[in-house]
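input.csv, holding CSV, C-alpha atoms:
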```
chain,number,residue,atom,x,y,z
A,23,MET,CA,-30.7,4.6,-2.6
A,24,ALA,CA,-28.3,2.9,-0.3
A,25,GLN,CA,-28.9,-0.4,-1.9
A,26,THR,CA,-28.1,1.1,-5.3
A,27,LEU,CA,-24.9,2.6,-4.1
A,28,GLN,CA,-23.9,-0.7,-2.5
A,29,GLU,CA,-24.6,-2.5,-5.8
A,30,LEU,CA,-22.5,0.0,-7.7
A,31,ALA,CA,-19.7,-0.4,-5.2
A,32,ARG,CA,-19.9,-4.2,-5.6
A,33,ARG,CA,-19.8,-3.9,-9.4
A,34,MET,CA,-16.9,-1.5,-9.1
A,35,ARG,CA,-15.0,-4.0,-6.9
A,36,GLU,CA,-15.6,-6.7,-9.5
A,37,ALA,CA,-14.4,-4.5,-12.3
A,38,GLU,CA,-11.3,-3.6,-10.3
A,39,ALA,CA,-10.6,-7.3,-9.7
A,40,GLN,CA,-10.9,-8.0,-13.5
A,41,LEU,CA,-8.6,-5.0,-14.2
A,42,GLU,CA,-6.1,-6.2,-11.6
A,43,ALA,CA,-6.0,-9.6,-13.2
A,44,GLY,CA,-5.4,-8.1,-16.6
A,45,ILE,CA,-2.7,-5.8,-15.2
A,46,GLU,CA,-1.0,-8.8,-13.5
A,47,ALA,CA,-1.0,-10.8,-16.8
A,48,GLU,CA,0.5,-7.8,-18.6
A,49,ILE,CA,3.1,-7.3,-15.9
A,50,ALA,CA,4.1,-10.9,-16.1
A,51,ARG,CA,4.4,-10.7,-19.9
A,52,ARG,CA,6.6,-7.5,-19.7
A,53,ARG,CA,8.8,-9.0,-17.0
A,54,GLU,CA,9.5,-12.0,-19.2
A,55,VAL,CA,10.5,-9.7,-22.0
A,56,LEU,CA,12.7,-7.8,-19.6
A,57,GLY,CA,14.5,-10.9,-18.5
A,58,LEU,CA,13.1,-11.1,-14.9
A,59,LEU,CA,13.3,-14.5,-13.4
A,60,ARG,CA,11.5,-15.7,-10.3
A,61,ASP,CA,13.4,-18.2,-8.1
A,62,GLY,CA,10.9,-18.9,-5.3
A,63,GLY,CA,10.7,-15.6,-3.5
A,64,ARG,CA,14.0,-14.3,-4.9
A,65,ILE,CA,14.1,-11.8,-7.7
A,66,ARG,CA,16.8,-12.1,-10.3
A,67,PHE,CA,17.5,-11.2,-13.9
A,68,ASP,CA,18.9,-13.3,-16.7
A,69,ALA,CA,22.5,-12.7,-17.7
A,70,ALA,CA,21.6,-10.5,-20.7
A,71,ALA,CA,19.4,-8.3,-18.6
A,72,ARG,CA,22.1,-8.0,-16.0
A,73,ALA,CA,24.6,-6.9,-18.6
A,74,ARG,CA,22.2,-4.3,-20.0
A,75,HIS,CA,21.6,-3.0,-16.4
A,76,ARG,CA,25.3,-2.6,-15.7
A,77,ALA,CA,25.8,-0.8,-19.0
A,78,ALA,CA,23.0,1.7,-18.2
A,79,ARG,CA,24.1,2.4,-14.7
A,80,GLN,CA,25.3,6.0,-14.1
A,81,ARG,CA,28.5,6.2,-12.1
A,82,LEU,CA,27.9,7.4,-8.5
A,83,PHE,CA,30.4,10.2,-8.9
A,84,ASP,CA,28.7,11.5,-12.0
A,85,TYR,CA,25.3,11.2,-10.4
A,86,ILE,CA,26.4,13.2,-7.3
A,87,ARG,CA,28.2,15.8,-9.5
A,88,ALA,CA,24.9,16.4,-11.4
A,89,ILE,CA,22.7,16.9,-8.3
A,90,ARG,CA,21.2,20.4,-8.3
A,91,LEU,CA,21.7,22.7,-5.4
A,92,ARG,CA,17.9,22.9,-4.6
A,93,ASP,CA,17.9,19.0,-4.4
A,94,LEU,CA,20.9,19.0,-2.2
A,95,ALA,CA,19.4,21.7,0.1
A,96,THR,CA,16.1,19.9,0.6
A,97,ALA,CA,17.6,16.4,1.0
A,98,PRO,CA,18.0,16.7,4.8
A,99,LEU,CA,14.3,17.6,5.2
A,100,ILE,CA,13.3,14.7,3.0
A,101,TYR,CA,15.3,12.2,4.9
A,102,SER,CA,14.3,13.7,8.3
A,103,LEU,CA,10.9,12.2,7.6
A,104,ILE,CA,12.3,8.8,8.3
A,105,LEU,CA,11.8,9.5,12.0
A,106,PRO,CA,8.0,10.1,11.9
A,107,PHE,CA,7.6,7.3,9.4
A,108,ALA,CA,9.5,4.8,11.6
A,109,ALA,CA,7.5,6.0,14.6
A,110,LEU,CA,4.2,5.6,12.7
A,111,ASP,CA,5.3,2.1,11.5
A,112,LEU,CA,6.1,1.0,15.1
A,113,TRP,CA,3.0,2.6,16.7
A,114,VAL,CA,0.6,1.2,14.1
A,115,THR,CA,2.1,-2.2,14.4
A,116,LEU,CA,1.8,-2.1,18.2
A,117,TYR,CA,-1.7,-0.7,18.0
A,118,GLN,CA,-3.0,-3.4,15.7
A,119,GLN,CA,-1.2,-6.2,17.6
A,120,LEU,CA,-2.9,-5.2,20.8
A,121,CYS,CA,-6.3,-3.7,19.7
A,122,PHE,CA,-7.1,-5.8,16.7
A,123,ARG,CA,-6.6,-9.0,18.9
A,124,ALA,CA,-9.0,-7.5,21.5
A,125,TYR,CA,-11.6,-6.6,18.8
A,126,GLY,CA,-11.3,-9.9,16.8
A,127,ILE,CA,-10.2,-8.0,13.7
A,128,PRO,CA,-7.7,-9.8,11.4
A,129,ARG,CA,-4.4,-8.0,11.5
A,130,VAL,CA,-3.0,-6.4,8.4
A,131,ARG,CA,0.1,-8.0,7.0
A,132,ARG,CA,2.7,-5.3,6.9
A,133,ARG,CA,4.8,-7.0,4.2
A,134,ASP,CA,1.8,-6.7,1.8
A,135,HIS,CA,2.2,-2.9,2.0
A,136,VAL,CA,5.8,-2.2,2.8
A,137,VAL,CA,7.6,-3.4,-0.4
A,138,ILE,CA,11.3,-2.7,-0.8
A,139,ASP,CA,12.7,-4.4,-3.9
A,140,ARG,CA,14.0,-1.8,-6.3
A,141,HIS,CA,17.6,-2.3,-4.9
A,142,HIS,CA,17.7,-5.4,-7.1
A,143,LEU,CA,17.9,-3.2,-10.2
A,144,GLY,CA,21.4,-3.3,-11.5
A,145,TYR,CA,21.0,0.0,-13.5
A,146,LEU,CA,20.6,2.0,-10.2
A,147,ASN,CA,23.7,3.2,-8.5
A,148,ALA,CA,24.1,3.1,-4.7
A,149,LEU,CA,22.5,6.5,-4.0
A,150,GLU,CA,19.5,5.8,-6.3
A,151,LYS,CA,19.0,2.4,-4.6
A,152,LEU,CA,18.9,4.2,-1.2
A,153,ASN,CA,16.4,6.8,-2.5
A,154,CYS,CA,14.2,4.0,-4.0
A,155,ALA,CA,14.3,2.0,-0.7
A,156,TYR,CA,13.4,5.1,1.2
A,157,CYS,CA,10.4,5.9,-1.1
A,158,GLY,CA,9.3,2.3,-1.0
A,159,TYR,CA,9.4,2.3,2.8
A,160,ALA,CA,7.6,5.7,3.3
A,161,ASN,CA,4.8,5.0,0.8
A,162,GLY,CA,4.5,1.4,2.1
A,163,VAL,CA,4.1,2.6,5.7
A,164,ILE,CA,1.4,5.1,4.7
A,165,ALA,CA,-0.5,2.3,2.8
A,166,TYR,CA,-0.1,0.0,5.8
A,167,ALA,CA,-1.3,2.6,8.2
A,168,ARG,CA,-4.3,3.4,5.9
A,169,GLU,CA,-5.4,-0.2,5.8
A,170,VAL,CA,-5.2,-0.5,9.6
A,171,ALA,CA,-7.1,2.8,9.9
A,172,SER,CA,-9.7,1.6,7.4
A,173,ARG,CA,-10.4,-1.6,9.4
A,174,THR,CA,-10.6,0.5,12.6
A,175,GLU,CA,-13.1,2.9,11.0
A,176,ALA,CA,-15.2,0.1,9.7
A,177,TYR,CA,-15.3,-1.4,13.2
A,178,TRP,CA,-15.8,1.8,15.2
A,179,CYS,CA,-17.5,4.3,12.9
A,180,PRO,CA,-18.9,2.9,9.7
A,181,ILE,CA,-20.8,6.1,8.8
A,182,LYS,CA,-20.3,8.2,5.7
A,183,HIS,CA,-19.4,11.9,6.0
A,184,ALA,CA,-22.1,14.5,5.3
A,185,ARG,CA,-20.2,15.9,2.3
A,186,ARG,CA,-18.6,14.0,-0.6
A,187,TRP,CA,-15.2,12.8,0.4
A,188,PRO,CA,-12.8,11.8,-2.4
A,189,GLY,CA,-10.4,10.1,0.0
A,190,GLY,CA,-12.6,7.1,0.8
A,191,HIS,CA,-11.1,3.7,1.1
A,192,ALA,CA,-12.5,0.5,-0.4
A,193,ARG,CA,-14.8,-0.1,2.6
A,194,TYR,CA,-16.3,3.4,2.6
A,195,ALA,CA,-19.0,2.8,0.0
A,196,GLU,CA,-20.6,0.3,2.3
A,197,PHE,CA,-20.7,2.5,5.3
A,198,MET,CA,-24.1,3.7,6.6
A,199,GLU,CA,-25.5,7.0,5.3
A,200,PHE,CA,-25.0,10.2,7.2
A,201,GLY,CA,-28.2,10.9,9.2
A,202,ALA,CA,-29.8,7.5,8.6
A,203,GLU,CA,-30.6,6.5,12.1
A,204,GLU,CA,-33.0,3.6,11.3
A,205,ASN,CA,-31.5,0.3,12.1
A,206,PHE,CA,-28.3,2.1,13.1
A,207,VAL,CA,-27.3,-0.4,15.8
A,208,ALA,CA,-28.0,-3.4,13.5
A,209,GLY,CA,-26.0,-1.8,10.8
A,210,TRP,CA,-23.1,-1.2,13.1
A,211,ASP,CA,-23.1,-4.8,14.3
A,212,ALA,CA,-23.2,-6.0,10.7
A,213,ALA,CA,-20.2,-3.7,9.8
A,214,ARG,CA,-18.2,-5.1,12.8
A,215,ALA,CA,-19.0,-8.7,11.9
A,216,LYS,CA,-17.9,-8.0,8.3
A,217,VAL,CA,-14.6,-6.5,9.2
A,218,ARG,CA,-13.9,-9.3,11.7
A,219,GLY,CA,-14.5,-11.8,8.8
A,220,GLU,CA,-12.2,-10.0,6.4
A,221,GLY,CA,-8.6,-11.0,5.7
A,222,GLN,CA,-8.8,-14.3,7.6
A,223,GLY,CA,-5.5,-16.1,7.3
A,224,GLU,CA,-3.6,-13.0,6.2
A,225,GLU,CA,-1.2,-13.0,9.2
```
Go ahead and express the file in the form of structure tokens.
Amino acid sequence: MAQTLQELARRMREAEAQLEAGIEAEIARRREVLGLLRDGGRIRFDAAARARHRAARQRLFDYIRAIRLRDLATAPLIYSLILPFAALDLWVTLYQQLCFRAYGIPRVRRRDHVVIDRHHLGYLNALEKLNCAYCGYANGVIAYAREVASRTEAYWCPIKHARRWPGGHARYAEFMEFGAEENFVAGWDAARAKVRGEGQGEE
């Protein structure tokens, strides 16, 4: 049974990789149509695209005037989350720098998860750019912390839960079955060796 699930997980990863390659090709095609140019690591648009963006941008004053009262009232609560997100970001970074080095686990590249680039869009006004930067940061930190936690779990406790858990990460399918004590120590050692070998050269 476990072998069957592992084979299904392997095939699912292969299908995801094929899907990702197809998505990347489609994104590249769409970006070309939209006038996005890549200049090394820099993002820029051609002149026609920049002109379209400027024409589509809503004036900041008009944008602020249209904000609904409920949105204005909840904004301080939304933005107050920057404090726990920043603390999480700092603490996860410190944790993996110290502990992953000690365990021999490759460290997660933060920049692969925390992506802030929507401020390059000329059709966003200053407040929209700020909102987009905040969302990119918050969701990126969560993705970053999840990957660090995933590697930690694969190293320290690669055992599935007793009940079905829809929140499983990519490594979860290969965890040992709940209650399967046979070859438990060998399975744990294998899981640790695997996570140590993942992501080599990512830093």
Name the residues in contact with Tyr177 of chain A at a cut-off of 8 Å, using all atoms listed in the file, excluding same-chain residues fewer than 2 positions from it; report them as a list of chain:residue names. A:Arg173, A:Thr174, A:Glu175, A:Cys179, A:Pro180, A:Trp210, A:Ala213, A:Arg214, A:Val217
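Between atom CA of Met198 of chain A and atom CA of Ile181 of chain A there is a distance of 4.6 Å.
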Atom CA of Phe200 of chain A sits from atom CA of Ala184 of chain A at a separation of 5.5 Å
At a cut-off of 7 Å, using all atoms listed in the file, what residues contact Ile127 of chain A? Leave out same-chain residues fewer than 3 positions from it and give the result as a PyMOL selection string. chain A and resi 122-123+217-218
Those selected residues, please, written with C-alpha atoms and delivered as a PDB file, in the coordinates of the input.
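again_16.pdb was written with the following content:
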```
ATOM      1  CA  PHE A 122      -7.100  -5.800  16.700  1.00  0.00           C
ATOM      2  CA  ARG A 123      -6.600  -9.000  18.900  1.00  0.00           C
ATOM      3  CA  VAL A 217     -14.600  -6.500   9.200  1.00  0.00           C
ATOM      4  CA  ARG A 218     -13.900  -9.300  11.700  1.00  0.00           C
TER       5      ARG A 218
END
```
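Between atom CA of Phe107 of chain A and atom CA of Ala160 of chain A the separation is 6.3 Å.
Nearest residue to Arg64 of chain A among A:His142, A:Leu91, A:Val130, A:Ala195 is A:His142, counting only C-alpha atoms.
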Residue with the minimum atom-to-atom distance to Arg72 of chain A, picked from A:Ile86, A:Leu146, A:Ala215, A:Cys121 with only C-alpha atoms counted, is A:Leu146
Output, as JSON, the centre and edge lengths in Å (one decimal) of the axis-aligned box that contains all listed atoms of segment 63-76 of chain A with 5 Å of margin on each side.
```
{"center_x": 18.0, "center_y": -9.1, "center_z": -12.1, "size_x": 24.6, "size_y": 23.0, "size_z": 27.2}
```
Best match for closeness to Asn161 of chain A among A:Glu29, A:Glu199, A:Asp111, A:Glu204, counting all atoms listed in the file: A:Asp111
I'd like to know which of A:Arg132, A:Phe67, A:Ala88, A:Val207 is closest to Leu112 of chain A, using all atoms listed in the file. A:Arg132
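Excluding Asp134 of chain A itself and same-chain residues fewer than 4 positions from it, the residues having an atom within 10 Å of it are Val130, Gly162, Ala165, Tyr166 and Glu224 of chain A, counting all atoms listed in the file.
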For the residues selected in the previous step, produce a file with C-alpha atoms as a short mmCIF file (atom, residue, chain, number, x, y, z; two decimals), in the coordinates of the input.
```cif
data_model
loop_
_atom_site.label_atom_id
_atom_site.label_comp_id
_atom_site.auth_asym_id
_atom_site.auth_seq_id
_atom_site.Cartn_x
_atom_site.Cartn_y
_atom_site.Cartn_z
CA VAL A 130 -3.00 -6.40 8.40
CA GLY A 162 4.50 1.40 2.10
CA ALA A 165 -0.50 2.30 2.80
CA TYR A 166 -0.10 0.00 5.80
CA GLU A 224 -3.60 -13.00 6.20
#
```
